[in-house]
Structures are given as structure tokens and as C-alpha cells.
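Student: If it helps, the file is called start.pdb and holds PDB, C-alpha atoms:
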MODEL        1
ATOM      1  CA  MET A   1     100.322 124.775  85.784
ATOM      2  CA  ARG A   2     102.507 125.738  88.713
ATOM      3  CA  SER A   3      99.504 127.003  90.683
ATOM      4  CA  PHE A   4      97.790 123.612  90.293
ATOM      5  CA  LEU A   5     100.874 121.793  91.571
ATOM      6  CA  LEU A   6     101.220 124.125  94.552
ATOM      7  CA  PHE A   7      97.536 123.669  95.379
ATOM      8  CA  ALA A   8      97.876 119.867  95.211
ATOM      9  CA  LEU A   9     100.979 119.991  97.409
ATOM     10  CA  ALA A  10      99.166 122.158  99.951
ATOM     11  CA  LEU A  11      96.254 119.697 100.074
ATOM     12  CA  ALA A  12      98.619 116.779 100.526
ATOM     13  CA  CYS A  13     100.454 118.477 103.391
ATOM     14  CA  VAL A  14      97.259 119.512 105.150
ATOM     15  CA  GLY A  15      95.724 116.064 104.754
ATOM     16  CA  CYS A  16      98.635 113.900 105.904
ATOM     17  CA  GLU A  17      97.615 111.583 108.766
ATOM     18  CA  THR A  18      98.814 108.363 110.398
ATOM     19  CA  VAL A  19      96.704 105.221 110.232
ATOM     20  CA  PRO A  20      95.997 103.780 113.717
ATOM     21  CA  GLY A  21      97.354 100.309 114.297
ATOM     22  CA  THR A  22      99.748 100.324 111.350
ATOM     23  CA  GLY A  23     101.498 103.710 111.413
ATOM     24  CA  ARG A  24     101.070 104.117 107.652
ATOM     25  CA  SER A  25     100.928 107.708 106.407
ATOM     26  CA  GLN A  26      97.820 108.558 104.407
ATOM     27  CA  ILE A  27      96.526 111.532 102.455
ATOM     28  CA  ASN A  28      93.131 112.425 103.852
ATOM     29  CA  PHE A  29      91.502 115.828 103.621
ATOM     30  CA  VAL A  30      87.865 114.673 103.858
ATOM     31  CA  SER A  31      86.513 114.740 107.404
ATOM     32  CA  ASN A  32      85.160 111.565 108.951
ATOM     33  CA  SER A  33      82.002 113.452 109.969
ATOM     34  CA  GLU A  34      81.276 114.308 106.324
ATOM     35  CA  VAL A  35      81.599 110.687 105.239
ATOM     36  CA  ALA A  36      79.580 109.520 108.264
ATOM     37  CA  SER A  37      76.760 111.860 107.292
ATOM     38  CA  MET A  38      76.669 110.446 103.752
ATOM     39  CA  ALA A  39      76.806 106.898 105.121
ATOM     40  CA  ALA A  40      73.896 107.522 107.477
ATOM     41  CA  GLY A  41      71.735 108.586 104.550
ATOM     42  CA  GLU A  42      72.579 105.415 102.606
ATOM     43  CA  PHE A  43      72.066 103.185 105.641
ATOM     44  CA  ALA A  44      68.608 104.650 106.233
ATOM     45  CA  LYS A  45      67.532 103.684 102.700
ATOM     46  CA  MET A  46      68.420 100.002 103.072
ATOM     47  CA  LYS A  47      65.692  97.407 103.548
ATOM     48  CA  LYS A  48      66.259  95.802 106.930
ATOM     49  CA  VAL A  49      64.958  92.644 108.634
ATOM     50  CA  PRO A  50      64.504  93.770 112.252
ATOM     51  CA  THR A  51      62.957  90.462 113.355
ATOM     52  CA  ASP A  52      65.807  88.262 112.088
ATOM     53  CA  PRO A  53      66.931  86.197 115.115
ATOM     54  CA  ARG A  54      70.562  86.350 113.919
ATOM     55  CA  LEU A  55      70.684  90.108 114.531
ATOM     56  CA  ALA A  56      71.559  89.538 118.189
ATOM     57  CA  GLN A  57      74.579  87.463 117.132
ATOM     58  CA  ILE A  58      75.756  90.170 114.736
ATOM     59  CA  ARG A  59      75.395  92.811 117.447
ATOM     60  CA  ARG A  60      77.211  90.736 120.076
ATOM     61  CA  VAL A  61      80.158  89.877 117.838
ATOM     62  CA  GLY A  62      80.266  93.361 116.349
ATOM     63  CA  LEU A  63      80.419  95.105 119.706
ATOM     64  CA  SER A  64      83.223  92.822 120.891
ATOM     65  CA  ILE A  65      85.233  93.755 117.782
ATOM     66  CA  VAL A  66      84.455  97.462 118.226
ATOM     67  CA  ALA A  67      85.612  97.314 121.868
ATOM     68  CA  VAL A  68      89.129  96.117 120.969
ATOM     69  CA  ALA A  69      89.372  98.309 117.861
ATOM     70  CA  ARG A  70      88.593 101.447 119.870
ATOM     71  CA  LYS A  71      91.742 100.855 121.910
ATOM     72  CA  GLU A  72      93.720 101.637 118.730
ATOM     73  CA  ASP A  73      91.596 104.664 117.883
ATOM     74  CA  LYS A  74      93.727 107.742 118.554
ATOM     75  CA  ASN A  75      91.649 109.977 116.258
ATOM     76  CA  GLY A  76      88.180 109.434 117.735
ATOM     77  CA  VAL A  77      86.892 107.766 114.566
ATOM     78  CA  LEU A  78      84.943 104.901 116.157
ATOM     79  CA  PRO A  79      81.865 105.854 118.211
ATOM     80  CA  PRO A  80      81.331 104.327 121.680
ATOM     81  CA  ALA A  81      79.414 101.057 121.886
ATOM     82  CA  ASN A  82      76.026 102.622 122.663
ATOM     83  CA  GLN A  83      76.070 104.634 119.418
ATOM     84  CA  TRP A  84      76.495 101.718 117.006
ATOM     85  CA  GLN A  85      73.564 100.495 114.925
ATOM     86  CA  PHE A  86      73.330  96.945 113.593
ATOM     87  CA  ALA A  87      71.027  95.556 110.939
ATOM     88  CA  VAL A  88      70.374  92.420 108.933
ATOM     89  CA  ILE A  89      69.885  93.639 105.371
ATOM     90  CA  ASP A  90      67.281  92.043 103.104
ATOM     91  CA  ASP A  91      69.734  91.422 100.273
ATOM     92  CA  LYS A  92      70.699  87.997  98.929
ATOM     93  CA  SER A  93      74.146  89.069  97.753
ATOM     94  CA  PRO A  94      76.932  87.777 100.050
ATOM     95  CA  ASN A  95      78.111  91.017 101.598
ATOM     96  CA  ALA A  96      78.546  92.831 104.898
ATOM     97  CA  PHE A  97      79.796  96.288 105.770
ATOM     98  CA  ALA A  98      80.701  98.769 108.482
ATOM     99  CA  MET A  99      80.153 102.461 107.797
ATOM    100  CA  PRO A 100      81.770 105.568 109.289
ATOM    101  CA  GLY A 101      79.608 106.862 112.113
ATOM    102  CA  GLY A 102      78.886 103.415 113.561
ATOM    103  CA  LYS A 103      76.646 101.482 111.153
ATOM    104  CA  ILE A 104      77.049  97.742 110.570
ATOM    105  CA  GLY A 105      74.994  95.757 108.089
ATOM    106  CA  PHE A 106      75.018  92.034 107.353
ATOM    107  CA  ASN A 107      73.205  90.808 104.237
ATOM    108  CA  VAL A 108      71.040  87.707 104.563
ATOM    109  CA  GLY A 109      73.011  86.340 101.610
ATOM    110  CA  MET A 110      76.180  86.225 103.711
ATOM    111  CA  PHE A 111      74.852  83.841 106.378
ATOM    112  CA  PRO A 112      75.310  80.664 104.285
ATOM    113  CA  TYR A 113      79.044  81.422 104.300
ATOM    114  CA  ALA A 114      79.320  82.682 107.877
ATOM    115  CA  SER A 115      77.183  81.083 110.546
ATOM    116  CA  THR A 116      79.613  80.798 113.470
ATOM    117  CA  ASP A 117      80.833  83.563 115.758
ATOM    118  CA  ASP A 118      84.375  83.083 114.441
ATOM    119  CA  ASP A 119      83.264  83.502 110.819
ATOM    120  CA  ILE A 120      81.287  86.633 111.644
ATOM    121  CA  ALA A 121      84.278  87.997 113.580
ATOM    122  CA  VAL A 122      86.457  87.531 110.469
ATOM    123  CA  ILE A 123      84.051  89.632 108.425
ATOM    124  CA  LEU A 124      83.289  92.333 110.975
ATOM    125  CA  GLY A 125      86.920  92.620 112.075
ATOM    126  CA  HIS A 126      87.817  93.409 108.472
ATOM    127  CA  GLU A 127      84.950  95.887 108.055
ATOM    128  CA  VAL A 128      85.544  97.744 111.333
ATOM    129  CA  ALA A 129      89.223  98.030 110.388
ATOM    130  CA  HIS A 130      88.166  99.819 107.191
ATOM    131  CA  VAL A 131      86.323 102.382 109.321
ATOM    132  CA  LEU A 132      89.150 102.804 111.837
ATOM    133  CA  CYS A 133      91.642 103.409 109.011
ATOM    134  CA  GLN A 134      89.266 105.906 107.341
ATOM    135  CA  HIS A 135      89.650 104.149 104.017
ATOM    136  CA  SER A 136      86.455 105.716 102.659
ATOM    137  CA  SER A 137      87.764 109.225 103.307
ATOM    138  CA  GLU A 138      91.144 108.312 101.864
ATOM    139  CA  ARG A 139      89.599 106.952  98.650
ATOM    140  CA  ILE A 140      87.509 110.088  98.239
ATOM    141  CA  SER A 141      90.640 112.183  98.801
ATOM    142  CA  GLN A 142      92.545 110.185  96.192
ATOM    143  CA  GLY A 143      89.693 110.668  93.745
ATOM    144  CA  LEU A 144      89.799 114.407  94.297
ATOM    145  CA  LEU A 145      93.554 114.461  93.708
ATOM    146  CA  VAL A 146      93.058 112.543  90.458
ATOM    147  CA  GLN A 147      90.457 115.088  89.360
ATOM    148  CA  LEU A 148      92.880 117.878  90.215
ATOM    149  CA  GLY A 149      95.590 116.120  88.230
ATOM    150  CA  ALA A 150      93.274 115.847  85.235
ATOM    151  CA  VAL A 151      92.660 119.578  85.387
ATOM    152  CA  ALA A 152      96.409 120.167  85.519
ATOM    153  CA  VAL A 153      97.010 117.932  82.475
ATOM    154  CA  ASP A 154      94.231 119.695  80.610
ATOM    155  CA  GLU A 155      95.753 123.075  81.454
ATOM    156  CA  ALA A 156      99.281 121.970  80.494
ATOM    157  CA  THR A 157      98.166 120.702  77.074
ATOM    158  CA  LYS A 158      95.691 123.434  76.181
ATOM    159  CA  ASN A 159      97.864 124.646  73.310
ATOM    160  CA  LYS A 160      98.432 121.151  71.878
ATOM    161  CA  SER A 161      96.417 119.451  69.151
ATOM    162  CA  ALA A 162      93.197 117.651  70.041
ATOM    163  CA  GLN A 163      94.847 114.296  69.297
ATOM    164  CA  THR A 164      97.788 115.067  71.593
ATOM    165  CA  ARG A 165      95.516 116.248  74.394
ATOM    166  CA  GLN A 166      93.403 113.112  74.088
ATOM    167  CA  ALA A 167      96.512 110.922  74.269
ATOM    168  CA  TRP A 168      97.790 112.733  77.360
ATOM    169  CA  MET A 169      94.430 112.463  79.124
ATOM    170  CA  ALA A 170      94.131 108.770  78.255
ATOM    171  CA  GLY A 171      97.631 108.126  79.593
ATOM    172  CA  PHE A 172      96.890 110.064  82.754
ATOM    173  CA  GLY A 173      93.654 108.135  83.267
ATOM    174  CA  LEU A 174      95.337 104.744  82.883
ATOM    175  CA  GLY A 175      98.248 105.804  85.077
ATOM    176  CA  SER A 176      95.904 106.984  87.810
ATOM    177  CA  GLN A 177      93.811 103.826  87.677
ATOM    178  CA  PHE A 178      96.597 101.255  87.630
ATOM    179  CA  GLY A 179      99.308 103.250  89.379
ATOM    180  CA  LEU A 180      97.286 104.783  92.213
ATOM    181  CA  LEU A 181      93.628 103.854  92.672
ATOM    182  CA  LEU A 182      93.720 100.075  92.230
ATOM    183  CA  PRO A 183      96.998  99.497  94.139
ATOM    184  CA  PHE A 184      95.755 101.613  97.038
ATOM    185  CA  SER A 185      92.433  99.781  97.038
ATOM    186  CA  ARG A 186      94.271  96.447  97.295
ATOM    187  CA  SER A 187      96.501  97.809 100.060
ATOM    188  CA  HIS A 188      93.398  98.976 101.962
ATOM    189  CA  GLU A 189      91.948  95.470 101.766
ATOM    190  CA  SER A 190      95.190  93.925 103.000
ATOM    191  CA  GLU A 191      95.470  96.497 105.778
ATOM    192  CA  SER A 192      91.929  95.645 106.907
ATOM    193  CA  ASP A 193      92.638  91.915 106.690
ATOM    194  CA  HIS A 194      95.687  92.388 108.920
ATOM    195  CA  LEU A 195      94.030  94.574 111.532
ATOM    196  CA  GLY A 196      90.813  92.556 111.399
ATOM    197  CA  LEU A 197      92.772  89.397 112.191
ATOM    198  CA  ILE A 198      94.383  91.120 115.191
ATOM    199  CA  PHE A 199      91.035  92.484 116.408
ATOM    200  CA  MET A 200      89.233  89.139 116.251
ATOM    201  CA  ALA A 201      92.083  87.453 118.112
ATOM    202  CA  ARG A 202      92.127  90.127 120.814
ATOM    203  CA  ALA A 203      88.357  89.770 121.164
ATOM    204  CA  GLY A 204      88.746  86.059 121.876
ATOM    205  CA  TYR A 205      87.803  84.576 118.501
ATOM    206  CA  ASN A 206      89.867  81.994 116.645
ATOM    207  CA  PRO A 207      92.028  83.731 113.991
ATOM    208  CA  GLU A 208      92.508  80.397 112.200
ATOM    209  CA  ALA A 209      88.943  80.879 110.963
ATOM    210  CA  ALA A 210      90.081  83.764 108.717
ATOM    211  CA  PRO A 211      92.053  81.928 105.992
ATOM    212  CA  ALA A 212      89.526  79.072 106.138
ATOM    213  CA  PHE A 213      86.649  81.510 105.606
ATOM    214  CA  TRP A 214      88.288  83.300 102.682
ATOM    215  CA  GLN A 215      89.223  79.997 101.019
ATOM    216  CA  ARG A 216      85.622  78.843 101.322
ATOM    217  CA  PHE A 217      84.243  82.191 100.171
ATOM    218  CA  ALA A 218      86.622  82.302  97.183
ATOM    219  CA  LYS A 219      85.247  79.028  95.812
ATOM    220  CA  ALA A 220      81.768  80.556  95.672
ATOM    221  CA  GLY A 221      82.942  83.763  93.991
ATOM    222  CA  GLY A 222      83.278  82.495  90.418
ATOM    223  CA  THR A 223      85.849  83.779  87.925
ATOM    224  CA  LYS A 224      87.739  86.903  88.999
ATOM    225  CA  PRO A 225      90.018  89.298  87.113
ATOM    226  CA  PRO A 226      93.818  89.147  87.554
ATOM    227  CA  GLU A 227      95.026  90.894  90.704
ATOM    228  CA  PHE A 228      96.546  93.790  88.719
ATOM    229  CA  PHE A 229      93.080  94.701  87.415
ATOM    230  CA  SER A 230      91.250  94.173  90.703
ATOM    231  CA  THR A 231      90.318  96.296  93.717
ATOM    232  CA  HIS A 232      91.092  93.313  95.985
ATOM    233  CA  PRO A 233      94.127  91.077  96.418
ATOM    234  CA  ALA A 234      93.910  87.716  94.653
ATOM    235  CA  ASP A 235      92.409  84.987  96.816
ATOM    236  CA  ASP A 236      95.731  83.131  97.061
ATOM    237  CA  THR A 237      97.504  86.343  98.064
ATOM    238  CA  ARG A 238      94.899  87.070 100.719
ATOM    239  CA  VAL A 239      95.143  83.611 102.283
ATOM    240  CA  ARG A 240      98.944  83.648 102.167
ATOM    241  CA  GLN A 241      99.051  87.035 103.924
ATOM    242  CA  LEU A 242      96.628  85.906 106.622
ATOM    243  CA  GLN A 243      98.716  82.821 107.308
ATOM    244  CA  ALA A 244     101.847  84.971 107.554
ATOM    245  CA  TRP A 245     100.140  87.245 110.116
ATOM    246  CA  MET A 246      98.757  84.321 112.126
ATOM    247  CA  PRO A 247     101.581  84.095 114.724
ATOM    248  CA  GLU A 248     101.213  87.807 115.472
ATOM    249  CA  ALA A 249      97.453  87.448 115.914
ATOM    250  CA  LYS A 250      97.694  84.366 118.123
ATOM    251  CA  ALA A 251     100.244  86.086 120.340
ATOM    252  CA  GLN A 252      97.683  88.808 121.090
ATOM    253  CA  ALA A 253      94.814  86.482 121.958
ATOM    254  CA  PRO A 254      93.605  86.554 125.595
ATOM    255  CA  LYS A 255      95.541  84.165 127.805
ATOM    256  CA  LYS A 256      93.528  81.198 128.959
ATOM    257  CA  PRO A 257      93.461  80.619 132.719
TER     258      PRO A 257
ENDMDL
END
Can I see the file as C-alpha cells?
Tutor:
Amino acid sequence: MRSFLLFALALACVGCETVPGTGRSQINFVSNSEVASMAAGEFAKMKKVPTDPRLAQIRRVGLSIVAVARKEDKNGVLPPANQWQFAVIDDKSPNAFAMPGGKIGFNVGMFPYASTDDDIAVILGHEVAHVLCQHSSERISQGLLVQLGAVAVDEATKNKSAQTRQAWMAGFGLGSQFGLLLPFSRSHESESDHLGLIFMARAGYNPEAAPAFWQRFAKAGGTKPPEFFSTHPADDTRVRQLQAWMPEAKAQAPKKP
């Protein structure tokens, strides 16, 4: 048991980093290049619409967000502008994403909710912030730590009855899910909302569009689970946080002549 704990501690120490833009400490022992390689494979499989006339708008807004985000990038996570790839994805679900390694996709199903530059900046600011903060690598790292913890629990209870071992593993699983994985997932979303709001304001877009977009998008989302059971903050929480960050974002907008 002790060897497992020492190994976990060593991983945590080796993988401790600081998140650009927020200063938060994170556990991350999965390299960005590894995640970027996996992302590139997934991006290549997606069905794209290269002739969609809205692709130019996505590229223009995306590159303006990337330009301001790279000024916060002390770890070399975000590629330079000429290495980013943009695509309109032939998928009717309302979704968009930015991947490690410089891949941005915008589903056709998202356009009914986001047609203006400001709306698109809300979405892409949030997604680029996920990449800058290496949230994908951090989630993978957390998953690996949970797996390591499960091995440690299994080792510690190997001489107990089957019923006792099952109870311990069930408790560990619930504790990991609701005490670590889901809270961190919600904090990642809030962190990306915050930084995304700053990035869109710095790039010259109207940050007031952010709470308006999420309010509009929430109405189309249907019934959602309580926040405690969700990977994302509740819609009301998200809007309230964005409104609280609004003065900070507006203060960083380019000064008009």
C-alpha cells in the first residue's frame, strides 16, 4: 500500500503545473503533444463541409481569439496562427470545439444559435481557453490517478471479504466521481468561461454577448441534471458568473479612438 501512495505522490509532484491566465495549480503528467496527436486522429475522421461559406467567418473570429490567447501562453501550448486548422463539421448537434494541436471545429447545428461574430467569439473563446489550460491533459491525468487509487484500494482490502471489498470499491468510485471528477469538470468549464470572456473582449468583441448567448442556448437544451450531478455548471450559475466577470472583461477591451 505504501508503495502505491509514494508512486502517486511522485506523479503528483512531477506533474504540478500552473494554468496560464489564472495561476491555478494543476496536476498534469500527460504531455500536450500526446493529446494533440490523439486529437489529430479524431479530427481527421470527422465529416467536414469545406464549401460552407461560413467557414471564413469561423476562421477569422477563431484566429483573432487565438492571437490574444497566445499572449497568455507561457508553456507553448497554442500553435502559431498559420498552424491552426478550421472546419465546419457536418453534424446537426449544437456543438463546437477546439483541440490541442490547433484544430477548431464548428458543427452546422450550432449556427442557428450563433450567427454573429460576437456569438462565435463567445464559443471559440471558451474552447480555446480549454486548450490553453490543457484541460484535456488534466482530465486524463485525473483519470489515471483514480485508476491508481482503485488499485491501491484493491491492494489494501485484498484480505477482506468479498462483500467488504465491494463496498470499499463502490465508496471509492462514488467519492472519486462526486468528490473529484465532476467538481473539477465544472471548474474547468468555469475557468474557460472566465478566460474566454477576457479573450473575446481583448479581441474586440462585445463580452455582453456571452451571458445572452448562454441564456438563449440554455432554453434550447431541455431538462438537465442538478449541478451536483453534472459536468457543467448550472445555467443560472454560468450566467451569474459571467455577469460578475463582466467589469473585468470590459476593462480589458481595446480603447476606442
Student: What does the PyMOL selection byres ((chain A and resi 89) around 9) select in this file, as a ChimeraX atom specification?
Tutor: /A:46-50,87-88,90-92,96,105-109
Student: Report the residues retrieved by the PyMOL selection byres ((chain A and resi 102) around 7) from the displayed file, expressed as a list in words.
Tutor: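 Applying the expression gives Leu78, Pro79, Gln83, Trp84, Gln85, Met99, Pro100, Gly101, Lys103 and Ile104 of chain A.
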Student: Report, in Å to a single decimal, how far apart CA of Ser93 in chain A and CA of Phe43 in chain A are.
Tutor: 16.3 Å
Student: Kindly indicate which residue among A:Ala67, A:Val35, A:Leu132, A:Ala121 lies nearest to Tyr205 in chain A, using all atoms listed in the file for the distances.
Tutor: A:Ala121
Student: I'd like to see the residues matched by the PyMOL selection byres ((chain A and resi 207) around 9) on this file, and ideally I'd get them as a VMD selection string.
Tutor: chain A and resid 118 121 to 122 197 to 198 200 to 201 204 to 206 208 to 211 242 246 249 to 250 253
Student: So that I have them on file, write out the residues from the current selection with C-alpha atoms, as an mmCIF file, keeping the file's coordinate frame.
Tutor:
data_model
loop_
_atom_site.group_PDB
_atom_site.id
_atom_site.type_symbol
_atom_site.label_atom_id
_atom_site.label_comp_id
_atom_site.auth_asym_id
_atom_site.auth_seq_id
_atom_site.Cartn_x
_atom_site.Cartn_y
_atom_site.Cartn_z
ATOM 1 C CA ASP A 118 84.375 83.083 114.441
ATOM 2 C CA ALA A 121 84.278 87.997 113.580
ATOM 3 C CA VAL A 122 86.457 87.531 110.469
ATOM 4 C CA LEU A 197 92.772 89.397 112.191
ATOM 5 C CA ILE A 198 94.383 91.120 115.191
ATOM 6 C CA MET A 200 89.233 89.139 116.251
ATOM 7 C CA ALA A 201 92.083 87.453 118.112
ATOM 8 C CA GLY A 204 88.746 86.059 121.876
ATOM 9 C CA TYR A 205 87.803 84.576 118.501
ATOM 10 C CA ASN A 206 89.867 81.994 116.645
ATOM 11 C CA GLU A 208 92.508 80.397 112.200
ATOM 12 C CA ALA A 209 88.943 80.879 110.963
ATOM 13 C CA ALA A 210 90.081 83.764 108.717
ATOM 14 C CA PRO A 211 92.053 81.928 105.992
ATOM 15 C CA LEU A 242 96.628 85.906 106.622
ATOM 16 C CA MET A 246 98.757 84.321 112.126
ATOM 17 C CA ALA A 249 97.453 87.448 115.914
ATOM 18 C CA LYS A 250 97.694 84.366 118.123
ATOM 19 C CA ALA A 253 94.814 86.482 121.958
#
Student: Between CA of Met110 in chain A and CA of Phe97 in chain A, measure the distance and give it in Å to one decimal.
Tutor: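 So the two atoms, CA of Met110 in chain A and CA of Phe97 in chain A, lie 10.9 Å apart.
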Student: Do you have the CA of Arg202 in chain A-CA of Val61 in chain A distance handy?
Tutor: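 Between these atoms lies a distance of 12.3 Å.
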Student: Please identify all polymer residues within 12 Å of Trp214 in chain A, counting all atoms listed in the file, omitting same-chain residues fewer than 5 positions from it, and present them as a PDB file with C-alpha atoms, keeping the file's coordinate frame.
Tutor:
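Saved the output as part.pdb:
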ATOM      1  CA  TYR A 113      79.044  81.422 104.300  1.00  0.00           C
ATOM      2  CA  ALA A 114      79.320  82.682 107.877  1.00  0.00           C
ATOM      3  CA  ASP A 119      83.264  83.502 110.819  1.00  0.00           C
ATOM      4  CA  ILE A 120      81.287  86.633 111.644  1.00  0.00           C
ATOM      5  CA  VAL A 122      86.457  87.531 110.469  1.00  0.00           C
ATOM      6  CA  ILE A 123      84.051  89.632 108.425  1.00  0.00           C
ATOM      7  CA  HIS A 126      87.817  93.409 108.472  1.00  0.00           C
ATOM      8  CA  ASP A 193      92.638  91.915 106.690  1.00  0.00           C
ATOM      9  CA  PRO A 207      92.028  83.731 113.991  1.00  0.00           C
ATOM     10  CA  GLU A 208      92.508  80.397 112.200  1.00  0.00           C
ATOM     11  CA  ALA A 209      88.943  80.879 110.963  1.00  0.00           C
ATOM     12  CA  LYS A 219      85.247  79.028  95.812  1.00  0.00           C
ATOM     13  CA  ALA A 220      81.768  80.556  95.672  1.00  0.00           C
ATOM     14  CA  GLY A 221      82.942  83.763  93.991  1.00  0.00           C
ATOM     15  CA  PRO A 233      94.127  91.077  96.418  1.00  0.00           C
ATOM     16  CA  ALA A 234      93.910  87.716  94.653  1.00  0.00           C
ATOM     17  CA  ASP A 235      92.409  84.987  96.816  1.00  0.00           C
ATOM     18  CA  ASP A 236      95.731  83.131  97.061  1.00  0.00           C
ATOM     19  CA  THR A 237      97.504  86.343  98.064  1.00  0.00           C
ATOM     20  CA  ARG A 238      94.899  87.070 100.719  1.00  0.00           C
ATOM     21  CA  VAL A 239      95.143  83.611 102.283  1.00  0.00           C
ATOM     22  CA  ARG A 240      98.944  83.648 102.167  1.00  0.00           C
ATOM     23  CA  GLN A 241      99.051  87.035 103.924  1.00  0.00           C
ATOM     24  CA  LEU A 242      96.628  85.906 106.622  1.00  0.00           C
ATOM     25  CA  GLN A 243      98.716  82.821 107.308  1.00  0.00           C
TER      26      GLN A 243
END
Student: Between A:Asp52, A:Glu72, A:Glu189, A:Glu248, which residue has the minimum interatomic distance to Ser136 in chain A, considering all atoms listed in the file?
Tutor: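 Checking each candidate against Ser136 in chain A, we get A:Glu189 as the closest.
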Student: For a quick check of understanding, using all atoms listed in the file, which of A:Val66, A:Ala81, A:Ala212, A:Ile140 has the smallest distance to Leu124 in chain A?
Tutor: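 Of all the options, A:Val66 lies closest to Leu124 in chain A.
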